[in-house]
$ cat final13.txt   # compact mmCIF, N, CA and C atoms and all ligand atoms
# COMPACT_ATOMS: atom_id res chain seq x y z
N MET A 1 0.85 -1.19 0.00
CA MET A 1 0.00 0.00 0.00
C MET A 1 0.89 1.24 0.00
N LEU A 2 0.46 2.25 -0.73
CA LEU A 2 1.23 3.49 -0.80
C LEU A 2 0.33 4.65 -0.38
N LEU A 3 0.83 5.46 0.56
CA LEU A 3 0.06 6.62 1.02
C LEU A 3 0.86 7.88 0.75
N THR A 4 0.18 8.90 0.25
CA THR A 4 0.82 10.19 0.00
C THR A 4 0.33 11.16 1.06
N ILE A 5 1.30 11.73 1.78
CA ILE A 5 1.00 12.59 2.92
C ILE A 5 1.44 14.01 2.58
N GLN A 6 0.54 14.98 2.76
CA GLN A 6 0.89 16.38 2.45
C GLN A 6 1.27 17.18 3.70
N SER A 7 0.79 16.71 4.87
CA SER A 7 1.11 17.42 6.11
C SER A 7 0.90 16.47 7.28
N VAL A 8 1.40 16.85 8.47
CA VAL A 8 1.29 15.98 9.65
C VAL A 8 -0.17 15.58 9.91
N SER A 9 -1.12 16.48 9.64
CA SER A 9 -2.53 16.14 9.92
C SER A 9 -3.03 14.99 9.06
N ASP A 10 -2.42 14.77 7.89
CA ASP A 10 -2.79 13.62 7.05
C ASP A 10 -2.40 12.29 7.69
N LEU A 11 -1.52 12.35 8.70
CA LEU A 11 -1.04 11.10 9.30
C LEU A 11 -2.14 10.39 10.08
N TYR A 12 -3.15 11.14 10.55
CA TYR A 12 -4.19 10.51 11.37
C TYR A 12 -5.10 9.60 10.55
N PRO A 13 -5.65 10.08 9.42
CA PRO A 13 -6.37 9.14 8.55
C PRO A 13 -5.45 8.02 8.01
N ALA A 14 -4.19 8.35 7.75
CA ALA A 14 -3.24 7.34 7.25
C ALA A 14 -3.04 6.25 8.30
N ALA A 15 -2.93 6.65 9.57
CA ALA A 15 -2.71 5.68 10.65
C ALA A 15 -3.88 4.70 10.72
N SER A 16 -5.08 5.22 10.54
CA SER A 16 -6.24 4.36 10.59
C SER A 16 -6.25 3.38 9.42
N GLU A 17 -5.82 3.83 8.24
CA GLU A 17 -5.71 2.92 7.08
C GLU A 17 -4.66 1.85 7.32
N ILE A 18 -3.56 2.26 7.94
CA ILE A 18 -2.48 1.30 8.21
C ILE A 18 -2.94 0.23 9.20
N ILE A 19 -3.67 0.66 10.25
CA ILE A 19 -4.17 -0.31 11.24
C ILE A 19 -5.15 -1.28 10.56
N ASN A 20 -6.01 -0.78 9.69
CA ASN A 20 -6.94 -1.67 8.98
C ASN A 20 -6.21 -2.62 8.06
N PHE A 21 -5.22 -2.11 7.32
CA PHE A 21 -4.44 -2.93 6.38
C PHE A 21 -3.70 -4.05 7.11
N SER A 22 -3.22 -3.75 8.31
CA SER A 22 -2.34 -4.70 8.99
C SER A 22 -3.11 -5.79 9.73
N ALA A 23 -4.44 -5.70 9.78
CA ALA A 23 -5.29 -6.75 10.37
C ALA A 23 -4.73 -7.27 11.69
N ASN A 24 -4.31 -8.56 11.70
CA ASN A 24 -3.86 -9.14 12.97
C ASN A 24 -2.37 -9.00 13.23
N SER A 25 -1.66 -8.32 12.34
CA SER A 25 -0.21 -8.16 12.55
C SER A 25 0.04 -7.29 13.77
N ARG A 26 1.07 -7.61 14.51
CA ARG A 26 1.38 -6.83 15.71
C ARG A 26 2.79 -6.25 15.68
N ILE A 27 3.62 -6.70 14.73
CA ILE A 27 5.00 -6.22 14.65
C ILE A 27 5.10 -5.26 13.47
N PHE A 28 5.52 -4.03 13.74
CA PHE A 28 5.63 -2.99 12.72
C PHE A 28 7.05 -2.46 12.71
N LEU A 29 7.70 -2.55 11.55
CA LEU A 29 9.08 -2.08 11.42
C LEU A 29 9.06 -0.75 10.67
N PHE A 30 9.73 0.26 11.19
CA PHE A 30 9.72 1.60 10.57
C PHE A 30 11.09 1.92 10.00
N TYR A 31 11.11 2.15 8.69
CA TYR A 31 12.35 2.49 7.99
C TYR A 31 12.25 3.93 7.48
N GLY A 32 13.40 4.59 7.42
CA GLY A 32 13.42 5.98 6.94
C GLY A 32 14.52 6.72 7.68
N GLU A 33 15.12 7.67 6.98
CA GLU A 33 16.24 8.41 7.57
C GLU A 33 15.81 9.20 8.80
N MET A 34 16.77 9.72 9.53
CA MET A 34 16.50 10.56 10.70
C MET A 34 15.61 11.73 10.28
N GLY A 35 14.56 11.97 11.02
CA GLY A 35 13.67 13.08 10.71
C GLY A 35 12.65 12.74 9.63
N ALA A 36 12.63 11.49 9.16
CA ALA A 36 11.66 11.10 8.13
C ALA A 36 10.23 11.19 8.68
N GLY A 37 10.10 10.88 9.97
CA GLY A 37 8.77 10.95 10.60
C GLY A 37 8.31 9.63 11.20
N LYS A 38 9.26 8.77 11.55
CA LYS A 38 8.89 7.48 12.15
C LYS A 38 8.16 7.70 13.48
N THR A 39 8.76 8.50 14.38
CA THR A 39 8.14 8.74 15.69
C THR A 39 6.80 9.46 15.51
N THR A 40 6.75 10.40 14.59
CA THR A 40 5.52 11.18 14.37
C THR A 40 4.39 10.27 13.87
N LEU A 41 4.69 9.33 12.98
CA LEU A 41 3.67 8.38 12.51
C LEU A 41 3.26 7.44 13.64
N ILE A 42 4.22 7.00 14.45
CA ILE A 42 3.91 6.10 15.57
C ILE A 42 2.96 6.79 16.55
N LYS A 43 3.18 8.08 16.74
CA LYS A 43 2.30 8.87 17.60
C LYS A 43 0.85 8.82 17.06
N ALA A 44 0.70 8.99 15.76
CA ALA A 44 -0.63 8.93 15.14
C ALA A 44 -1.23 7.53 15.28
N LEU A 45 -0.40 6.50 15.10
CA LEU A 45 -0.89 5.12 15.24
C LEU A 45 -1.35 4.85 16.68
N CYS A 46 -0.57 5.32 17.65
CA CYS A 46 -0.92 5.11 19.06
C CYS A 46 -2.22 5.83 19.39
N GLU A 47 -2.40 7.03 18.87
CA GLU A 47 -3.64 7.76 19.13
C GLU A 47 -4.82 7.01 18.50
N CYS A 48 -4.58 6.47 17.31
CA CYS A 48 -5.59 5.68 16.62
C CYS A 48 -5.97 4.44 17.45
N LEU A 49 -5.01 3.90 18.19
CA LEU A 49 -5.28 2.72 19.03
C LEU A 49 -5.79 3.11 20.41
N GLY A 50 -6.00 4.42 20.60
CA GLY A 50 -6.67 4.87 21.82
C GLY A 50 -5.79 5.19 23.01
N THR A 51 -4.52 5.53 22.77
CA THR A 51 -3.67 5.93 23.91
C THR A 51 -4.04 7.35 24.33
N ASN A 52 -3.84 7.64 25.58
CA ASN A 52 -4.09 8.99 26.09
C ASN A 52 -2.80 9.67 26.52
N GLU A 53 -1.76 8.89 26.74
CA GLU A 53 -0.52 9.46 27.28
C GLU A 53 0.36 10.02 26.16
N PRO A 54 1.29 10.90 26.50
CA PRO A 54 2.16 11.47 25.48
C PRO A 54 3.12 10.43 24.89
N ILE A 55 3.31 10.48 23.57
CA ILE A 55 4.21 9.55 22.89
C ILE A 55 5.52 10.29 22.63
N THR A 56 6.59 9.80 23.22
CA THR A 56 7.89 10.45 23.03
C THR A 56 8.88 9.41 22.55
N SER A 57 9.95 9.88 21.96
CA SER A 57 10.94 8.96 21.43
C SER A 57 11.66 8.23 22.56
N PRO A 58 11.70 6.89 22.51
CA PRO A 58 12.36 6.13 23.57
C PRO A 58 13.86 5.96 23.31
N THR A 59 14.48 6.91 22.68
CA THR A 59 15.90 6.78 22.31
C THR A 59 16.78 6.37 23.49
N PHE A 60 16.55 6.94 24.65
CA PHE A 60 17.44 6.64 25.78
C PHE A 60 17.02 5.42 26.56
N SER A 61 15.73 5.11 26.55
CA SER A 61 15.25 3.96 27.32
C SER A 61 15.11 2.71 26.45
N ILE A 62 15.28 2.84 25.12
CA ILE A 62 15.06 1.78 24.12
C ILE A 62 13.58 1.44 23.93
N VAL A 63 12.83 1.24 25.03
CA VAL A 63 11.41 0.90 24.84
C VAL A 63 10.51 1.77 25.74
N ASN A 64 9.39 2.20 25.20
CA ASN A 64 8.32 2.85 25.97
C ASN A 64 7.11 1.94 25.89
N GLU A 65 6.31 1.97 26.94
CA GLU A 65 5.08 1.18 26.96
C GLU A 65 3.90 2.12 27.07
N TYR A 66 2.88 1.90 26.23
CA TYR A 66 1.67 2.72 26.29
C TYR A 66 0.47 1.78 26.41
N ILE A 67 -0.62 2.31 26.92
CA ILE A 67 -1.84 1.52 27.04
C ILE A 67 -2.85 2.06 26.03
N GLY A 68 -3.25 1.20 25.08
CA GLY A 68 -4.27 1.58 24.12
C GLY A 68 -5.65 1.20 24.67
N ALA A 69 -6.69 1.43 23.88
CA ALA A 69 -8.04 1.11 24.32
C ALA A 69 -8.19 -0.39 24.55
N LYS A 70 -7.60 -1.21 23.64
CA LYS A 70 -7.76 -2.66 23.75
C LYS A 70 -6.43 -3.38 23.89
N ASN A 71 -5.34 -2.71 23.57
CA ASN A 71 -4.05 -3.37 23.49
C ASN A 71 -2.95 -2.59 24.21
N LYS A 72 -1.94 -3.34 24.61
CA LYS A 72 -0.70 -2.69 25.05
C LYS A 72 0.12 -2.38 23.81
N ILE A 73 0.94 -1.36 23.90
CA ILE A 73 1.80 -0.98 22.79
C ILE A 73 3.22 -0.82 23.31
N TYR A 74 4.18 -1.46 22.63
CA TYR A 74 5.59 -1.24 22.95
C TYR A 74 6.22 -0.47 21.80
N HIS A 75 6.92 0.59 22.12
CA HIS A 75 7.55 1.47 21.12
C HIS A 75 9.06 1.43 21.34
N PHE A 76 9.77 0.90 20.35
CA PHE A 76 11.23 0.73 20.46
C PHE A 76 11.96 1.72 19.56
N ASP A 77 13.12 2.15 20.02
CA ASP A 77 14.04 2.90 19.17
C ASP A 77 15.42 2.30 19.39
N PHE A 78 15.90 1.55 18.39
CA PHE A 78 17.18 0.84 18.52
C PHE A 78 18.36 1.65 17.98
N TYR A 79 18.14 2.93 17.69
CA TYR A 79 19.19 3.72 17.04
C TYR A 79 20.51 3.66 17.81
N ARG A 80 20.44 3.77 19.13
CA ARG A 80 21.67 3.83 19.93
C ARG A 80 22.21 2.48 20.36
N LEU A 81 21.59 1.41 19.88
CA LEU A 81 22.03 0.07 20.28
C LEU A 81 23.47 -0.19 19.82
N LYS A 82 24.28 -0.75 20.70
CA LYS A 82 25.68 -1.04 20.32
C LYS A 82 25.78 -2.37 19.60
N ASN A 83 25.00 -3.35 20.03
CA ASN A 83 25.00 -4.65 19.36
C ASN A 83 23.68 -5.36 19.68
N GLN A 84 23.45 -6.48 18.97
CA GLN A 84 22.16 -7.17 19.11
C GLN A 84 22.00 -7.82 20.48
N THR A 85 23.13 -8.15 21.12
CA THR A 85 23.08 -8.76 22.46
C THR A 85 22.39 -7.82 23.44
N GLU A 86 22.65 -6.52 23.27
CA GLU A 86 22.03 -5.52 24.13
C GLU A 86 20.49 -5.58 24.02
N ALA A 87 20.00 -5.85 22.81
CA ALA A 87 18.54 -5.97 22.61
C ALA A 87 18.01 -7.24 23.28
N LEU A 88 18.77 -8.33 23.16
CA LEU A 88 18.36 -9.58 23.82
C LEU A 88 18.33 -9.38 25.32
N ASP A 89 19.35 -8.67 25.84
CA ASP A 89 19.46 -8.43 27.29
C ASP A 89 18.30 -7.59 27.82
N MET A 90 17.76 -6.70 27.00
CA MET A 90 16.63 -5.91 27.51
C MET A 90 15.29 -6.65 27.31
N GLY A 91 15.40 -7.89 26.81
CA GLY A 91 14.20 -8.73 26.73
C GLY A 91 13.34 -8.49 25.51
N CYS A 92 13.96 -8.04 24.42
CA CYS A 92 13.17 -7.69 23.24
C CYS A 92 12.30 -8.85 22.75
N GLU A 93 12.79 -10.07 22.87
CA GLU A 93 12.00 -11.21 22.35
C GLU A 93 10.71 -11.40 23.15
N GLU A 94 10.77 -11.16 24.45
CA GLU A 94 9.55 -11.27 25.26
C GLU A 94 8.51 -10.25 24.82
N TYR A 95 8.98 -9.05 24.50
CA TYR A 95 8.06 -8.02 24.01
C TYR A 95 7.50 -8.42 22.65
N PHE A 96 8.39 -8.86 21.73
CA PHE A 96 7.97 -9.17 20.36
C PHE A 96 6.93 -10.29 20.32
N TYR A 97 7.06 -11.28 21.22
CA TYR A 97 6.17 -12.44 21.17
C TYR A 97 5.08 -12.35 22.25
N SER A 98 4.84 -11.15 22.76
CA SER A 98 3.85 -10.96 23.83
C SER A 98 2.43 -10.81 23.28
N GLY A 99 2.30 -10.58 21.96
CA GLY A 99 0.98 -10.35 21.38
C GLY A 99 0.57 -8.88 21.43
N ALA A 100 1.38 -8.04 22.07
CA ALA A 100 1.09 -6.60 22.10
C ALA A 100 1.58 -5.97 20.79
N TYR A 101 1.07 -4.79 20.47
CA TYR A 101 1.59 -4.06 19.32
C TYR A 101 3.04 -3.68 19.61
N CYS A 102 3.93 -3.89 18.64
CA CYS A 102 5.33 -3.49 18.77
C CYS A 102 5.67 -2.58 17.59
N PHE A 103 5.98 -1.33 17.87
CA PHE A 103 6.37 -0.36 16.85
C PHE A 103 7.88 -0.16 16.99
N ILE A 104 8.62 -0.52 15.94
CA ILE A 104 10.08 -0.60 16.05
C ILE A 104 10.78 0.39 15.12
N GLU A 105 11.44 1.39 15.70
CA GLU A 105 12.28 2.32 14.92
C GLU A 105 13.69 1.73 14.85
N TRP A 106 14.34 1.90 13.74
CA TRP A 106 15.69 1.40 13.47
C TRP A 106 15.79 -0.13 13.62
N PRO A 107 14.89 -0.89 12.93
CA PRO A 107 14.98 -2.36 12.98
C PRO A 107 16.26 -2.88 12.32
N GLU A 108 16.91 -2.03 11.52
CA GLU A 108 18.18 -2.40 10.87
C GLU A 108 19.22 -2.82 11.90
N LYS A 109 19.06 -2.34 13.15
CA LYS A 109 20.04 -2.62 14.20
C LYS A 109 19.90 -4.02 14.78
N ILE A 110 18.77 -4.71 14.49
CA ILE A 110 18.57 -6.05 15.07
C ILE A 110 18.15 -7.06 13.98
N PRO A 111 18.94 -7.15 12.89
CA PRO A 111 18.52 -7.99 11.75
C PRO A 111 18.26 -9.44 12.12
N ASP A 112 18.97 -9.97 13.12
CA ASP A 112 18.82 -11.40 13.44
C ASP A 112 17.71 -11.67 14.45
N LEU A 113 17.12 -10.61 14.98
CA LEU A 113 16.13 -10.79 16.06
C LEU A 113 14.71 -10.49 15.60
N LEU A 114 14.56 -10.06 14.34
CA LEU A 114 13.23 -9.66 13.87
C LEU A 114 12.32 -10.87 13.70
N PRO A 115 11.08 -10.78 14.16
CA PRO A 115 10.13 -11.88 13.96
C PRO A 115 9.92 -12.15 12.46
N GLU A 116 9.42 -13.34 12.17
CA GLU A 116 9.25 -13.77 10.78
C GLU A 116 8.17 -12.95 10.07
N HIS A 117 7.12 -12.62 10.79
CA HIS A 117 6.01 -11.88 10.19
C HIS A 117 5.93 -10.47 10.74
N TYR A 118 5.74 -9.53 9.85
CA TYR A 118 5.73 -8.12 10.28
C TYR A 118 5.11 -7.27 9.18
N ILE A 119 4.85 -6.02 9.55
CA ILE A 119 4.46 -5.00 8.58
C ILE A 119 5.66 -4.05 8.47
N ALA A 120 6.18 -3.86 7.27
CA ALA A 120 7.30 -2.94 7.07
C ALA A 120 6.77 -1.63 6.52
N ILE A 121 7.17 -0.53 7.15
CA ILE A 121 6.72 0.81 6.75
C ILE A 121 7.93 1.65 6.41
N LYS A 122 8.01 2.08 5.15
CA LYS A 122 9.14 2.91 4.72
C LYS A 122 8.61 4.33 4.49
N ILE A 123 9.27 5.29 5.12
CA ILE A 123 8.86 6.70 4.95
C ILE A 123 9.91 7.43 4.14
N ASN A 124 9.50 8.00 3.03
CA ASN A 124 10.40 8.81 2.19
C ASN A 124 9.99 10.28 2.30
N ILE A 125 11.00 11.14 2.47
CA ILE A 125 10.74 12.58 2.53
C ILE A 125 10.61 13.09 1.10
N THR A 126 9.48 13.75 0.82
CA THR A 126 9.27 14.27 -0.54
C THR A 126 9.19 15.80 -0.55
N GLY A 127 9.20 16.41 0.64
CA GLY A 127 9.14 17.86 0.77
C GLY A 127 9.19 18.20 2.25
N GLU A 128 9.15 19.47 2.58
CA GLU A 128 9.27 19.87 3.99
C GLU A 128 8.23 19.16 4.86
N ASN A 129 6.98 19.15 4.40
CA ASN A 129 5.90 18.55 5.17
C ASN A 129 5.28 17.34 4.48
N SER A 130 5.78 16.99 3.32
CA SER A 130 5.16 15.89 2.58
C SER A 130 6.01 14.62 2.66
N ARG A 131 5.33 13.49 2.67
CA ARG A 131 5.98 12.20 2.79
C ARG A 131 5.28 11.18 1.90
N GLN A 132 6.06 10.18 1.47
CA GLN A 132 5.48 9.02 0.81
C GLN A 132 5.68 7.85 1.78
N ILE A 133 4.60 7.12 2.05
CA ILE A 133 4.70 6.00 2.99
C ILE A 133 4.36 4.72 2.24
N ILE A 134 5.29 3.76 2.28
CA ILE A 134 5.08 2.48 1.60
C ILE A 134 4.93 1.40 2.68
N ILE A 135 3.83 0.64 2.59
CA ILE A 135 3.52 -0.35 3.61
C ILE A 135 3.46 -1.72 2.96
N LYS A 136 4.24 -2.67 3.50
CA LYS A 136 4.27 -4.03 2.94
C LYS A 136 4.18 -5.05 4.05
N LYS A 137 3.61 -6.23 3.71
CA LYS A 137 3.55 -7.35 4.67
C LYS A 137 4.70 -8.30 4.40
N ASP A 138 5.50 -8.59 5.40
CA ASP A 138 6.56 -9.59 5.36
C ASP A 138 7.63 -9.35 4.30
N LEU A 139 7.77 -8.12 3.85
CA LEU A 139 8.78 -7.76 2.86
C LEU A 139 9.37 -6.43 3.29
N ILE A 140 10.68 -6.27 3.16
CA ILE A 140 11.26 -4.97 3.51
C ILE A 140 11.44 -4.15 2.24
N1 LIG A 201 4.14 14.68 6.89
C1 LIG A 201 4.97 14.54 7.92
N2 LIG A 201 5.11 13.32 8.51
C2 LIG A 201 5.95 13.17 9.56
N3 LIG A 201 6.73 14.14 10.08
C3 LIG A 201 6.61 15.36 9.53
C4 LIG A 201 5.76 15.61 8.43
N4 LIG A 201 5.87 16.89 8.09
C5 LIG A 201 6.74 17.45 8.93
N5 LIG A 201 7.21 16.55 9.80
C6 LIG A 201 8.18 16.83 10.86
O1 LIG A 201 9.35 16.06 10.64
C7 LIG A 201 9.89 15.65 11.89
C8 LIG A 201 9.95 14.15 11.96
O2 LIG A 201 10.61 13.79 13.14
P1 LIG A 201 10.51 12.35 13.80
O3 LIG A 201 11.12 12.46 15.16
O4 LIG A 201 9.13 11.82 13.70
O5 LIG A 201 11.48 11.52 12.83
P2 LIG A 201 12.10 10.07 13.03
O6 LIG A 201 12.00 9.42 11.71
O7 LIG A 201 11.45 9.41 14.19
O8 LIG A 201 13.62 10.41 13.34
P3 LIG A 201 14.70 9.58 14.20
O9 LIG A 201 15.35 8.58 13.29
O10 LIG A 201 15.67 10.63 14.65
O11 LIG A 201 14.00 8.92 15.36
C9 LIG A 201 9.00 16.24 12.98
O12 LIG A 201 9.55 17.48 13.40
C10 LIG A 201 7.68 16.44 12.24
O13 LIG A 201 6.89 17.49 12.79
MG MG A 202 12.20 8.65 15.95

$ encode --input "final13.txt" --output "structure tokens" --more "lines below"
Ligand SMILES: Nc1ncnc2c1ncn2[C@@H]1O[C@H](COP(=O)(O)OP(=O)(O)OP(=O)(O)O)[C@@H](O)[C@H]1O
Ligand SMILES: [Mg+2]
Amino acid sequence: MLLTIQSVSDLYPAASEIINFSANSRIFLFYGEMGAGKTTLIKALCECLGTNEPITSPTFSIVNEYIGAKNKIYHFDFYRLKNQTEALDMGCEEYFYSGAYCFIEWPEKIPDLLPEHYIAIKINITGENSRQIIIKKDLI
């Protein structure tokens, strides 16, 4: 699926389309350069899932946990990870196989730990406020 975004406000209807497209998938991998809008899209997805708390980048803590209307949500940012062992040590596999939504920024840092099934989301910057979002199942 391909979504064309003209401004941040377009991300809210886009998030709802992404949630519908992804059906029962719970693992979401976010690709895109720094500032592409991974955290900003995750914020829209979390709001779509009914979170009330503020969504902030978990860069220093690696994972944030939010409570949605029906589901728990884990939000990861592996940018600062030194190696994959560090991800295993923080229990990433327990989170991934917990059945909760897992939104993962910088999945490139844990190539050997990614679950077999996932939704891959690539964000391309096309202008100051515009983005192209490509969403695929089980393909990067
Ligand atoms: N259409 C858009 N979609 C997403 N972000 C947008 C858009 N237009 C402008 N922005 C701005 O671009 C920035 C995106 O930053 P964000 O932290 O979401 O990027 P990121 O991909 O998570 O970066 P990082 O790799 O550093 O975590 C924000 O300041 C946001 O307001
Ligand atoms: Mg981010």

$ residues_around --input "final13.txt" --residues "A:Ser9" --least-positions-apart "2" --cutoff "12 Å" --atoms "only C-alpha atoms" --output "list in words"
Ile5, Gln6, Ser7, Leu11, Tyr12, Pro13, Ala14, Ala15, Thr40, Leu41, Lys43, Ala44, Asn129, Ser130 and Arg131 of chain A

$ write_last_selection --input "final13.txt" --atoms "N, CA and C atoms" --output "mmCIF file, keeping the file's coordinate frame"
data_model
loop_
_atom_site.group_PDB
_atom_site.id
_atom_site.type_symbol
_atom_site.label_atom_id
_atom_site.label_comp_id
_atom_site.auth_asym_id
_atom_site.auth_seq_id
_atom_site.Cartn_x
_atom_site.Cartn_y
_atom_site.Cartn_z
ATOM 1 N N ILE A 5 1.300 11.730 1.780
ATOM 2 C CA ILE A 5 1.000 12.590 2.920
ATOM 3 C C ILE A 5 1.440 14.010 2.580
ATOM 4 N N GLN A 6 0.540 14.980 2.760
ATOM 5 C CA GLN A 6 0.890 16.380 2.450
ATOM 6 C C GLN A 6 1.270 17.180 3.700
ATOM 7 N N SER A 7 0.790 16.710 4.870
ATOM 8 C CA SER A 7 1.110 17.420 6.110
ATOM 9 C C SER A 7 0.900 16.470 7.280
ATOM 10 N N LEU A 11 -1.520 12.350 8.700
ATOM 11 C CA LEU A 11 -1.040 11.100 9.300
ATOM 12 C C LEU A 11 -2.140 10.390 10.080
ATOM 13 N N TYR A 12 -3.150 11.140 10.550
ATOM 14 C CA TYR A 12 -4.190 10.510 11.370
ATOM 15 C C TYR A 12 -5.100 9.600 10.550
ATOM 16 N N PRO A 13 -5.650 10.080 9.420
ATOM 17 C CA PRO A 13 -6.370 9.140 8.550
ATOM 18 C C PRO A 13 -5.450 8.020 8.010
ATOM 19 N N ALA A 14 -4.190 8.350 7.750
ATOM 20 C CA ALA A 14 -3.240 7.340 7.250
ATOM 21 C C ALA A 14 -3.040 6.250 8.300
ATOM 22 N N ALA A 15 -2.930 6.650 9.570
ATOM 23 C CA ALA A 15 -2.710 5.680 10.650
ATOM 24 C C ALA A 15 -3.880 4.700 10.720
ATOM 25 N N THR A 40 6.750 10.400 14.590
ATOM 26 C CA THR A 40 5.520 11.180 14.370
ATOM 27 C C THR A 40 4.390 10.270 13.870
ATOM 28 N N LEU A 41 4.690 9.330 12.980
ATOM 29 C CA LEU A 41 3.670 8.380 12.510
ATOM 30 C C LEU A 41 3.260 7.440 13.640
ATOM 31 N N LYS A 43 3.180 8.080 16.740
ATOM 32 C CA LYS A 43 2.300 8.870 17.600
ATOM 33 C C LYS A 43 0.850 8.820 17.060
ATOM 34 N N ALA A 44 0.700 8.990 15.760
ATOM 35 C CA ALA A 44 -0.630 8.930 15.140
ATOM 36 C C ALA A 44 -1.230 7.530 15.280
ATOM 37 N N ASN A 129 6.980 19.150 4.400
ATOM 38 C CA ASN A 129 5.900 18.550 5.170
ATOM 39 C C ASN A 129 5.280 17.340 4.480
ATOM 40 N N SER A 130 5.780 16.990 3.320
ATOM 41 C CA SER A 130 5.160 15.890 2.580
ATOM 42 C C SER A 130 6.010 14.620 2.660
ATOM 43 N N ARG A 131 5.330 13.490 2.670
ATOM 44 C CA ARG A 131 5.980 12.200 2.790
ATOM 45 C C ARG A 131 5.280 11.180 1.900
#

$ closest_residue --input "final13.txt" --among "A:Cys92, A:Ile123, A:Ile27, A:Ile67" --to "ligand LIG 201 (chain A)" --atoms "only N, CA and C atoms and all ligand atoms"
A:Ile123

$ residues_near_ligand --input "final13.txt" --ligand "ligand LIG 201 (chain A)" --cutoff "10 Å" --atoms "only C-alpha atoms and all ligand atoms" --output "PyMOL selection string"
chain A and resi 4-11+30-44+56-59+77-79+105-106+122-133

$ closest_residue --input "final13.txt" --among "A:Phe76, A:Phe96, A:Leu3, A:Ala87" --to "ligand MG 202 (chain A)" --atoms "all atoms listed in the file"
A:Phe76

$ select_by_dssp --input "final13.txt" --residues "chain A" --states "strand (DSSP E)" --output "ChimeraX atom specification"
/A:2-5,27-31,63-67,72-77,101-105,119-125,131-137

$ select_by_dssp --input "final13.txt" --residues "chain A" --states "helix (DSSP H, G or I)" --output "VMD selection string"
chain A and resid 8 to 22 38 to 48 84 to 89 92 to 96 107 to 109

$ atom_distance --input "final13.txt" --atom1 "atom N of A:Glu53" --atom2 "atom C of A:Ile19"
19.4 Å

$ residues_around --input "final13.txt" --residues "A:Glu94" --least-positions-apart "6" --cutoff "12 Å" --atoms "only C-alpha atoms" --output "ChimeraX atom specification"
/A:74,87-88,100,102,113,115

$ decode --input "final13.txt" --residues "stretch 80-119 of chain A" --atoms "C-alpha atoms" --output "tab-separated table (two decimals), in the first residue's frame"
chain	number	residue	atom	x	y	z
A	80	ARG	CA	21.67	3.83	19.93
A	81	LEU	CA	22.03	0.07	20.28
A	82	LYS	CA	25.68	-1.04	20.32
A	83	ASN	CA	25.00	-4.65	19.36
A	84	GLN	CA	22.16	-7.17	19.11
A	85	THR	CA	23.08	-8.76	22.46
A	86	GLU	CA	22.03	-5.52	24.13
A	87	ALA	CA	18.54	-5.97	22.61
A	88	LEU	CA	18.36	-9.58	23.82
A	89	ASP	CA	19.46	-8.43	27.29
A	90	MET	CA	16.63	-5.91	27.51
A	91	GLY	CA	14.20	-8.73	26.73
A	92	CYS	CA	13.17	-7.69	23.24
A	93	GLU	CA	12.00	-11.21	22.35
A	94	GLU	CA	9.55	-11.27	25.26
A	95	TYR	CA	8.06	-8.02	24.01
A	96	PHE	CA	7.97	-9.17	20.36
A	97	TYR	CA	6.17	-12.44	21.17
A	98	SER	CA	3.85	-10.96	23.83
A	99	GLY	CA	0.98	-10.35	21.38
A	100	ALA	CA	1.09	-6.60	22.10
A	101	TYR	CA	1.59	-4.06	19.32
A	102	CYS	CA	5.33	-3.49	18.77
A	103	PHE	CA	6.37	-0.36	16.85
A	104	ILE	CA	10.08	-0.60	16.05
A	105	GLU	CA	12.28	2.32	14.92
A	106	TRP	CA	15.69	1.40	13.47
A	107	PRO	CA	14.98	-2.36	12.98
A	108	GLU	CA	18.18	-2.40	10.87
A	109	LYS	CA	20.04	-2.62	14.20
A	110	ILE	CA	18.57	-6.05	15.07
A	111	PRO	CA	18.52	-7.99	11.75
A	112	ASP	CA	18.82	-11.40	13.44
A	113	LEU	CA	16.13	-10.79	16.06
A	114	LEU	CA	13.23	-9.66	13.87
A	115	PRO	CA	10.13	-11.88	13.96
A	116	GLU	CA	9.25	-13.77	10.78
A	117	HIS	CA	6.01	-11.88	10.19
A	118	TYR	CA	5.73	-8.12	10.28
A	119	ILE	CA	4.46	-5.00	8.58
